[in-house]
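Report on the structure given below.
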Amino acid sequence: MPENADHADLEHAVDTLMPQARADLARLVAFRSVAGAEVEAVSECRSAAEHVADLLRELGIGDVRLLETVDGSIAVVGRTEGPPGAPRVLLYSHYDVQPVGNLDAWGSDPWTLTEREGRWYARGAADCKGNLVMHLTALRALGATNGSMGGGGDWPVALTIVCEGSEEMSTGGLVALVGSDPGTFVADVVVVADSGNVEAGMPTVTTSLRGTGSVLVTVRTLQGPVHSGAMGGPAPDALAALVHVLATLRDDAGNTVVSGLDASGSWTGAAYPAERFRSDAGVLEGVGLLGTGSIADSLWARPVATILAIDAPSVQGASASIQPEARALVNLRVPPGVDAAAAQQLLVAHLESAVPWGTHITVEPKTLGQPFAARTDGPAFAALGVAMEEAFGSPMVETGQGGAIPLCTALSEAHPDAEILLIGVEEPACRIHAPDESVSPDELRRTAFAEALFLRALGSRS
């Protein structure tokens with residue numbers, strides 16, 4: 001079909017399939033698929049994986065496998081052939097989700113898809129079960145307009161569909177599988193559906209991912225707690241020592257400061273207006289934003305160290321004691337062009353050198369993921385831009401993303417000629433990882449239409 005053909009049939013098919021999309025999502029979010037046995041039962045992830053496999057088979061994907069990975073998670077992989085000469089496209093998403101956190105902060109049950117004011121609420125509604133449903137809806141629409149439900153060469157392209165089971169935990173199961181079995185993941189084009197639009201209705205492709213390297217900082221000063229009245233003053237306070245160390249990670253303007261790590265980068269893609277960022281992030285009135293560059297510079301082109309958690313006595317029930325030990329988890333994000341492992345070691349050295357009073361300190365590296373920069377000069381990128389503009393009615397923009405997706409780096413290393421494109425149903429109002437996560441069904445519909453247009457265009461070029 002020529003690129004300038006009328007695609008009303010495809011758009012109508014997507015519109016007709018939206019009740020099916022809602023039903024798919026409602027069933028998927030009911031699985032409490034947190035990839036952590038200490039949070040939810042392991043059986044929840046296995047059941048979710050089996051259900052995803054069933055969905056792919058119902059779609060018409062004949063070759064569907066459940067693959068065990070080294071971290072104990074299950075990756076669902078489906079493959080089907082396309083017309084002779086058609087490119088192979090790998091469609092990625094993940095079925096594991098973040099823990100729900102404080103249940104009292106949710107407006108409805110996080111494991112039940114609930115519609116409120118035109119949005120669909122549940123844990124995973126956007127990240128990333130909503131993105132999986134987007135893939136399914138796009139493929140169903142293509143199958144419907146081709147007069148079948150896919151399989152046996154009926155798709156415009158050859159397909160590999162990959163759904164991961166431990167992305168949120170960053171334990172590397174799928175990345176290790178790509179390294180040990182790269183042939184399963186061969187593709188000409190990869191669509192990673194684990195991102196989204198900079199704002200609702202603005203078609204966006206993510207071209208930059210920050211790498212990540214977390215460290216656990218532990219400081220010790222005393223053999224045990226001592227009375228603050230009897231010993232306070234000369235007795236070294238572990239909490240005060242930890243606060244001193246952590247305070248060295250920011251300068252007075254709020255810029256991240258890690259000795260030896262460059263923090264002068266600038267972003268050349270779409271801007272992120274400060275007022276929109278304040279609204280998206282929920283910044284309280286009168287509280288200033290951090291850093292001396294633009295919002296986009298800070299988010300996508302410069303390193304940032306964030307204090308994720310501190311182990312210390314809670315205020316409620318605290319005793320008048322000087323603490324002998326305190327811990328903190330610090331997360332470092334770095335832009336493309338910076339080696340995450342080297343940056344993590346710089347963070348370790350910085351924290352060790354900042355400790356006061358001879359305090360004993362250990363800094364233990366935890367998670368690690370390399371940054372990623374996508375190609376923007378290939379034919380698939382151009383085709384995606386055309387499809388996104390038709391589906392959304394405005395030109396596609398480029399953005400970065402603060403979150404690391406280690407799979408992108410693994411795939412680019414295993415298959416350097418493949419074009420890797422990051423899109424998705426997420427936008428700021430989705431509140432991914434937070435209470436009351438939701439998805440806009442209109443964003444899901446338009447993104448599914450864009451992906452269907454994109455796959456049709458790739459097939460027509462073969």
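Ordering of the structure tokens sets the chain letters (A, B, ...), residue numbers begin anew at 1 in every chain, and ligands are numbered from 1 in the order given.
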With stretch 38-51 of chain A as the partner and 9 Å as the cut-off, tabulate the residues of stretch 90-158 of chain A that qualify, each row holding the nearest pair of atoms and their distance in Å to one decimal, using only C-alpha atoms, sorted by chain and rising number, as CSV.
```
residue,atom,partner,partner_atom,distance
A:Tyr95,CA,A:Ala48,CA,7.0
A:Asp96,CA,A:Cys45,CA,6.9
A:Pro99,CA,A:Val39,CA,7.1
```
Would you save the residues of that selection, restricted to N, CA, C and O atoms, as an mmCIF file, in the first residue's frame?
```
data_model
loop_
_atom_site.group_PDB
_atom_site.id
_atom_site.type_symbol
_atom_site.label_atom_id
_atom_site.label_comp_id
_atom_site.auth_asym_id
_atom_site.auth_seq_id
_atom_site.Cartn_x
_atom_site.Cartn_y
_atom_site.Cartn_z
ATOM 1 N N TYR A 95 5.741 -6.985 31.580
ATOM 2 C CA TYR A 95 4.517 -7.234 32.340
ATOM 3 C C TYR A 95 4.714 -7.065 33.835
ATOM 4 O O TYR A 95 3.741 -7.069 34.590
ATOM 5 N N ASP A 96 5.964 -6.954 34.309
ATOM 6 C CA ASP A 96 6.161 -6.713 35.744
ATOM 7 C C ASP A 96 5.907 -5.242 36.049
ATOM 8 O O ASP A 96 6.005 -4.379 35.160
ATOM 9 N N PRO A 99 5.894 -1.984 42.950
ATOM 10 C CA PRO A 99 4.996 -2.182 44.103
ATOM 11 C C PRO A 99 4.005 -1.024 44.208
ATOM 12 O O PRO A 99 4.284 0.093 43.755
#
```
Stretch 269-322 of chain A near stretch 179-203 of chain A within 12 Å: what's each residue's closest atom pair and its distance in Å to one decimal, counting only C-alpha atoms, ordered by chain then ascending residue number, as CSV?
```
residue,atom,partner,partner_atom,distance
A:Gly269,CA,A:Val198,CA,11.6
A:Ala270,CA,A:Val198,CA,8.9
A:Ala271,CA,A:Val198,CA,9.6
A:Tyr272,CA,A:Val198,CA,8.1
A:Pro273,CA,A:Val198,CA,10.6
A:Arg276,CA,A:Glu199,CA,9.1
A:Phe277,CA,A:Val198,CA,10.1
A:Ser279,CA,A:Glu199,CA,11.4
A:Asp280,CA,A:Glu199,CA,9.3
A:Ala296,CA,A:Val198,CA,11.2
```
For stretch 355-360 of chain A: contacts at 10 Å, only C-alpha atoms, fewer than 2 positions along chain excluded, given as number ranges by chain:
A: 218-222, 236-238, 240-246, 248, 325, 350-353, 362
Just to be explicit: take each residue in the selection above, keep C-alpha atoms, and write the result as a compact mmCIF listing (two decimals), in the first residue's frame.
```
# COMPACT_ATOMS: atom_id res chain seq x y z
CA THR A 218 26.77 3.05 55.43
CA VAL A 219 28.44 5.13 58.16
CA ARG A 220 29.38 3.88 61.64
CA THR A 221 30.64 5.90 64.60
CA LEU A 222 29.90 4.00 67.84
CA PRO A 236 30.15 11.27 67.06
CA ASP A 237 26.65 11.15 65.63
CA ALA A 238 26.28 8.73 62.69
CA ALA A 240 24.96 13.85 61.39
CA ALA A 241 27.93 12.26 59.60
CA LEU A 242 25.61 10.81 56.94
CA VAL A 243 23.84 14.14 56.46
CA HIS A 244 27.22 15.84 56.04
CA VAL A 245 28.28 13.32 53.38
CA LEU A 246 25.02 13.52 51.45
CA THR A 248 28.19 17.37 49.42
CA GLU A 325 25.00 3.72 62.36
CA HIS A 350 33.42 11.20 46.27
CA LEU A 351 31.35 9.85 49.14
CA GLU A 352 34.31 8.13 50.77
CA SER A 353 36.36 11.32 50.64
CA THR A 362 31.43 1.75 53.28
```
A:His7, A:Lys366, A:Arg278, A:Arg375 ranked by distance to A:Glu419, top pick (using only C-alpha atoms):
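Nearest candidate to A:Glu419 out of A:His7, A:Lys366, A:Arg278, A:Arg375: A:Arg375.
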Please provide as an mmCIF file with all heavy atoms, in the first residue's frame all residues within 7 Å of A:Leu455, with the sequence filter that same-chain residues fewer than 3 positions apart are discarded (counting only C-alpha atoms).
```cif
data_model
loop_
_atom_site.group_PDB
_atom_site.id
_atom_site.type_symbol
_atom_site.label_atom_id
_atom_site.label_comp_id
_atom_site.auth_asym_id
_atom_site.auth_seq_id
_atom_site.Cartn_x
_atom_site.Cartn_y
_atom_site.Cartn_z
ATOM 1 N N PRO A 156 2.274 -7.403 7.766
ATOM 2 C CA PRO A 156 3.089 -6.690 6.774
ATOM 3 C C PRO A 156 4.589 -6.841 7.012
ATOM 4 O O PRO A 156 5.390 -6.574 6.118
ATOM 5 C CB PRO A 156 2.653 -5.227 6.937
ATOM 6 C CG PRO A 156 2.100 -5.142 8.320
ATOM 7 C CD PRO A 156 1.483 -6.480 8.601
ATOM 8 N N VAL A 157 4.972 -7.262 8.220
ATOM 9 C CA VAL A 157 6.388 -7.452 8.562
ATOM 10 C C VAL A 157 6.520 -8.760 9.341
ATOM 11 O O VAL A 157 5.537 -9.302 9.842
ATOM 12 C CB VAL A 157 6.931 -6.292 9.430
ATOM 13 C CG1 VAL A 157 6.918 -4.985 8.661
ATOM 14 C CG2 VAL A 157 6.131 -6.160 10.733
ATOM 15 N N GLU A 451 1.436 3.092 15.668
ATOM 16 C CA GLU A 451 2.266 1.898 15.482
ATOM 17 C C GLU A 451 1.753 1.050 14.323
ATOM 18 O O GLU A 451 2.555 0.507 13.540
ATOM 19 C CB GLU A 451 2.307 1.075 16.762
ATOM 20 C CG GLU A 451 3.179 -0.169 16.626
ATOM 21 C CD GLU A 451 3.483 -0.827 17.940
ATOM 22 O OE1 GLU A 451 2.676 -1.676 18.379
ATOM 23 O OE2 GLU A 451 4.527 -0.505 18.544
ATOM 24 N N ALA A 452 0.444 0.926 14.195
ATOM 25 C CA ALA A 452 -0.108 0.171 13.068
ATOM 26 C C ALA A 452 0.273 0.824 11.737
ATOM 27 O O ALA A 452 0.663 0.131 10.778
ATOM 28 C CB ALA A 452 -1.630 0.067 13.209
ATOM 29 N N LEU A 458 6.415 0.095 6.945
ATOM 30 C CA LEU A 458 7.629 -0.724 6.816
ATOM 31 C C LEU A 458 7.395 -1.887 5.874
ATOM 32 O O LEU A 458 8.251 -2.241 5.065
ATOM 33 C CB LEU A 458 8.055 -1.239 8.197
ATOM 34 C CG LEU A 458 8.600 -0.241 9.192
ATOM 35 C CD1 LEU A 458 9.067 -0.972 10.462
ATOM 36 C CD2 LEU A 458 9.759 0.568 8.631
ATOM 37 N N GLY A 459 6.198 -2.504 5.963
ATOM 38 C CA GLY A 459 5.896 -3.611 5.080
ATOM 39 C C GLY A 459 5.785 -3.195 3.635
ATOM 40 O O GLY A 459 6.238 -3.900 2.731
#
```
Using only C-alpha atoms, which protein or nucleic acid residues come within 12 Å of A:Cys430? Drop anything in the same chain fewer than 4 positions from it, and give the result as a PyMOL selection string.
chain A and resi 119-128+130+195-200+280-281+424-426+434-441+443-444
Restricting it to N, CA and C atoms, dump the selection as a short mmCIF file (atom, residue, chain, number, x, y, z; two decimals), in the first residue's frame.
```cif
data_model
loop_
_atom_site.label_atom_id
_atom_site.label_comp_id
_atom_site.auth_asym_id
_atom_site.auth_seq_id
_atom_site.Cartn_x
_atom_site.Cartn_y
_atom_site.Cartn_z
N ARG A 119 -10.07 8.51 32.59
CA ARG A 119 -8.79 7.80 32.62
C ARG A 119 -8.99 6.42 33.26
N TRP A 120 -8.08 5.50 32.93
CA TRP A 120 -8.13 4.16 33.48
C TRP A 120 -7.03 4.01 34.53
N TYR A 121 -7.42 3.71 35.76
CA TYR A 121 -6.49 3.67 36.90
C TYR A 121 -6.18 2.23 37.31
N ALA A 122 -4.90 1.95 37.55
CA ALA A 122 -4.44 0.69 38.14
C ALA A 122 -2.92 0.70 38.08
N ARG A 123 -2.29 -0.10 38.94
CA ARG A 123 -0.85 -0.26 38.83
C ARG A 123 -0.53 -1.01 37.52
N GLY A 124 0.34 -0.41 36.72
CA GLY A 124 0.68 -0.98 35.42
C GLY A 124 -0.21 -0.53 34.29
N ALA A 125 -1.21 0.33 34.58
CA ALA A 125 -2.13 0.78 33.53
C ALA A 125 -1.38 1.44 32.38
N ALA A 126 -0.29 2.12 32.71
CA ALA A 126 0.56 2.71 31.67
C ALA A 126 1.88 1.96 31.56
N ASP A 127 2.56 1.80 32.69
CA ASP A 127 3.91 1.25 32.75
C ASP A 127 3.88 -0.15 33.36
N CYS A 128 3.83 -1.20 32.55
CA CYS A 128 3.97 -1.13 31.11
C CYS A 128 2.90 -2.00 30.44
N GLY A 130 -0.12 -1.14 29.87
CA GLY A 130 -0.79 -0.32 28.87
C GLY A 130 -0.04 -0.31 27.55
N SER A 195 8.04 4.11 27.14
CA SER A 195 8.21 5.55 27.36
C SER A 195 6.90 6.22 26.95
N GLY A 196 6.97 7.42 26.40
CA GLY A 196 5.72 8.07 26.02
C GLY A 196 5.91 9.49 25.60
N ASN A 197 4.84 10.26 25.68
CA ASN A 197 4.82 11.62 25.15
C ASN A 197 5.15 12.65 26.22
N VAL A 198 5.82 13.72 25.82
CA VAL A 198 6.19 14.76 26.77
C VAL A 198 4.96 15.44 27.36
N GLU A 199 3.88 15.43 26.64
CA GLU A 199 2.58 15.84 27.17
C GLU A 199 1.50 15.16 26.36
N ALA A 200 0.33 15.02 26.92
CA ALA A 200 -0.75 14.31 26.24
C ALA A 200 -1.03 14.95 24.89
N ASP A 280 3.89 19.08 36.30
CA ASP A 280 4.03 17.64 36.14
C ASP A 280 4.64 16.99 37.38
N ALA A 281 5.61 17.67 37.99
CA ALA A 281 6.31 17.10 39.14
C ALA A 281 5.59 17.39 40.46
N GLY A 424 5.50 5.14 23.44
CA GLY A 424 4.62 4.52 24.42
C GLY A 424 3.43 5.39 24.76
N VAL A 425 2.61 4.85 25.65
CA VAL A 425 1.36 5.50 26.03
C VAL A 425 1.52 6.43 27.22
N GLU A 426 2.70 6.47 27.82
CA GLU A 426 2.90 7.25 29.04
C GLU A 426 2.99 8.75 28.73
N ALA A 434 3.91 5.82 40.88
CA ALA A 434 3.31 6.52 42.01
C ALA A 434 1.91 5.95 42.28
N PRO A 435 1.33 6.30 43.44
CA PRO A 435 -0.08 5.95 43.65
C PRO A 435 -0.97 6.59 42.58
N ASP A 436 -2.07 5.93 42.29
CA ASP A 436 -3.03 6.38 41.29
C ASP A 436 -2.41 6.48 39.90
N GLU A 437 -1.59 5.51 39.54
CA GLU A 437 -1.13 5.40 38.16
C GLU A 437 -2.34 5.22 37.25
N SER A 438 -2.28 5.83 36.07
CA SER A 438 -3.41 5.73 35.14
C SER A 438 -2.91 5.86 33.72
N VAL A 439 -3.81 5.60 32.79
CA VAL A 439 -3.51 5.81 31.37
C VAL A 439 -4.72 6.49 30.73
N SER A 440 -4.43 7.34 29.76
CA SER A 440 -5.50 7.94 28.97
C SER A 440 -5.85 6.99 27.83
N PRO A 441 -7.09 6.53 27.73
CA PRO A 441 -7.44 5.65 26.61
C PRO A 441 -7.23 6.32 25.26
N GLU A 443 -4.70 8.37 24.52
CA GLU A 443 -3.28 8.20 24.19
C GLU A 443 -3.00 6.78 23.72
N LEU A 444 -3.63 5.81 24.38
CA LEU A 444 -3.45 4.41 23.97
C LEU A 444 -3.96 4.22 22.55
#
```
Would you give me, as a tab-separated table, each residue of stretch 111-212 of chain A having an atom within 6 Å of an atom of stretch 385-408 of chain A, along with its shortest atom pair and that distance in Å to one decimal, using only C-alpha atoms and sorting by chain and residue number?
```
residue	atom	partner	partner_atom	distance
A:Val175	CA	A:Leu407	CA	5.5
A:Pro203	CA	A:Met396	CA	4.8
A:Thr204	CA	A:Val397	CA	4.9
A:Val205	CA	A:Glu398	CA	5.1
A:Thr206	CA	A:Thr399	CA	4.9
A:Thr207	CA	A:Gly400	CA	5.8
A:Ser208	CA	A:Gly400	CA	4.5
A:Leu209	CA	A:Gln401	CA	5.0
A:Arg210	CA	A:Gly402	CA	5.2
A:Gly211	CA	A:Ala404	CA	5.1
```
Output of the above residues as a PDB file, in the first residue's frame, restricted to N, CA and C atoms:
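Output below, filename again.pdb:
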```pdb
ATOM      1  N   VAL A 175      18.471  -8.912  29.843  1.00  0.00           N
ATOM      2  CA  VAL A 175      19.742  -8.450  29.277  1.00  0.00           C
ATOM      3  C   VAL A 175      20.718  -9.617  29.159  1.00  0.00           C
ATOM      4  N   PRO A 203       2.985  13.842  19.966  1.00  0.00           N
ATOM      5  CA  PRO A 203       3.687  12.608  19.607  1.00  0.00           C
ATOM      6  C   PRO A 203       5.194  12.748  19.837  1.00  0.00           C
ATOM      7  N   THR A 204       5.765  11.768  20.529  1.00  0.00           N
ATOM      8  CA  THR A 204       7.134  11.904  21.011  1.00  0.00           C
ATOM      9  C   THR A 204       7.890  10.603  20.817  1.00  0.00           C
ATOM     10  N   VAL A 205       9.129  10.712  20.391  1.00  0.00           N
ATOM     11  CA  VAL A 205      10.038   9.576  20.369  1.00  0.00           C
ATOM     12  C   VAL A 205      11.192   9.887  21.319  1.00  0.00           C
ATOM     13  N   THR A 206      11.537   8.932  22.141  1.00  0.00           N
ATOM     14  CA  THR A 206      12.637   9.108  23.085  1.00  0.00           C
ATOM     15  C   THR A 206      13.933   8.694  22.404  1.00  0.00           C
ATOM     16  N   THR A 207      14.901   9.588  22.377  1.00  0.00           N
ATOM     17  CA  THR A 207      16.164   9.298  21.696  1.00  0.00           C
ATOM     18  C   THR A 207      17.347   9.215  22.647  1.00  0.00           C
ATOM     19  N   SER A 208      17.115   9.466  23.935  1.00  0.00           N
ATOM     20  CA  SER A 208      18.211   9.494  24.896  1.00  0.00           C
ATOM     21  C   SER A 208      17.735   8.918  26.219  1.00  0.00           C
ATOM     22  N   LEU A 209      18.506   7.974  26.764  1.00  0.00           N
ATOM     23  CA  LEU A 209      18.209   7.393  28.073  1.00  0.00           C
ATOM     24  C   LEU A 209      19.414   7.575  28.985  1.00  0.00           C
ATOM     25  N   ARG A 210      19.165   8.069  30.178  1.00  0.00           N
ATOM     26  CA  ARG A 210      20.252   8.165  31.138  1.00  0.00           C
ATOM     27  C   ARG A 210      20.585   6.786  31.705  1.00  0.00           C
ATOM     28  N   GLY A 211      21.863   6.559  31.911  1.00  0.00           N
ATOM     29  CA  GLY A 211      22.299   5.366  32.615  1.00  0.00           C
ATOM     30  C   GLY A 211      22.139   5.555  34.105  1.00  0.00           C
TER      31      GLY A 211
END
```
Show me, as an MDAnalysis selection string, the residues that have an atom within 12 Å of A:Ala23 when counting only C-alpha atoms, minus same-chain residues fewer than 5 positions from it.
chainID A and resid 17:18 28:30 55 112:114 120 125 130 133 136:137
Take the residues from that selection and put them in a file with C-alpha atoms, as a PDB file, in the first residue's frame.
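Output saved as part.pdb:
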```pdb
ATOM      1  CA  LEU A  17     -10.931  -2.467  19.166  1.00  0.00           C
ATOM      2  CA  MET A  18     -10.850  -0.094  22.146  1.00  0.00           C
ATOM      3  CA  LEU A  28      -3.520  -7.828  32.903  1.00  0.00           C
ATOM      4  CA  VAL A  29      -3.535  -5.357  35.802  1.00  0.00           C
ATOM      5  CA  ALA A  30      -5.299  -7.918  37.998  1.00  0.00           C
ATOM      6  CA  LEU A  55      -2.791 -13.327  24.417  1.00  0.00           C
ATOM      7  CA  THR A 112      -8.640  -3.381  39.552  1.00  0.00           C
ATOM      8  CA  LEU A 113      -8.887  -1.253  36.406  1.00  0.00           C
ATOM      9  CA  THR A 114     -11.134   1.642  37.383  1.00  0.00           C
ATOM     10  CA  TRP A 120      -8.130   4.156  33.477  1.00  0.00           C
ATOM     11  CA  ALA A 125      -2.129   0.776  33.529  1.00  0.00           C
ATOM     12  CA  GLY A 130      -0.785  -0.322  28.869  1.00  0.00           C
ATOM     13  CA  VAL A 133      -2.042  -3.539  25.150  1.00  0.00           C
ATOM     14  CA  LEU A 136      -1.800  -5.921  20.858  1.00  0.00           C
ATOM     15  CA  THR A 137      -4.296  -3.346  19.604  1.00  0.00           C
TER      16      THR A 137
END
```
Can you work out which one of A:Ser314, A:Ser108, A:Ser166, A:Ser73 has the shortest atom-to-atom distance to A:His94, counting only C-alpha atoms?
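Smallest separation from A:His94 among the options: A:Ser166.
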Could you pull out the strand (DSSP E) residues of stretch 123-210 of chain A, going by DSSP on the backbone, and write them as a ChimeraX atom specification?
/A:158-164,189-193,204-209
Find the residue from A:His12, A:Arg445, A:His227, A:Arg57 that sits nearest to A:Ser321; use only C-alpha atoms when measuring.
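So, comparing all the options, the nearest one is A:His227.
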Nearest candidate to A:Val258 (options A:Val215, A:Ala340, A:Leu239, A:Leu346; using only C-alpha atoms):
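Using only C-alpha atoms, the shortest distance to A:Val258 belongs to A:Leu346.
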Interatomic distance (Å, one decimal) between atom CA of A:Asp251 and atom CA of A:Leu216:
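Result for atom CA of A:Asp251 versus atom CA of A:Leu216: 21.3 Å, one decimal.
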Separation of atom CA of A:Pro19 from atom CA of A:Asp109, in Å and rounded to one decimal
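Separation of atom CA of A:Pro19 and atom CA of A:Asp109: 20.8 Å.
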A:Pro303, A:Gly282, A:Gly260, A:Gly378: which is nearest A:Ala349, counting only C-alpha atoms?
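Counting only C-alpha atoms, the residue closest to A:Ala349 is A:Gly260.
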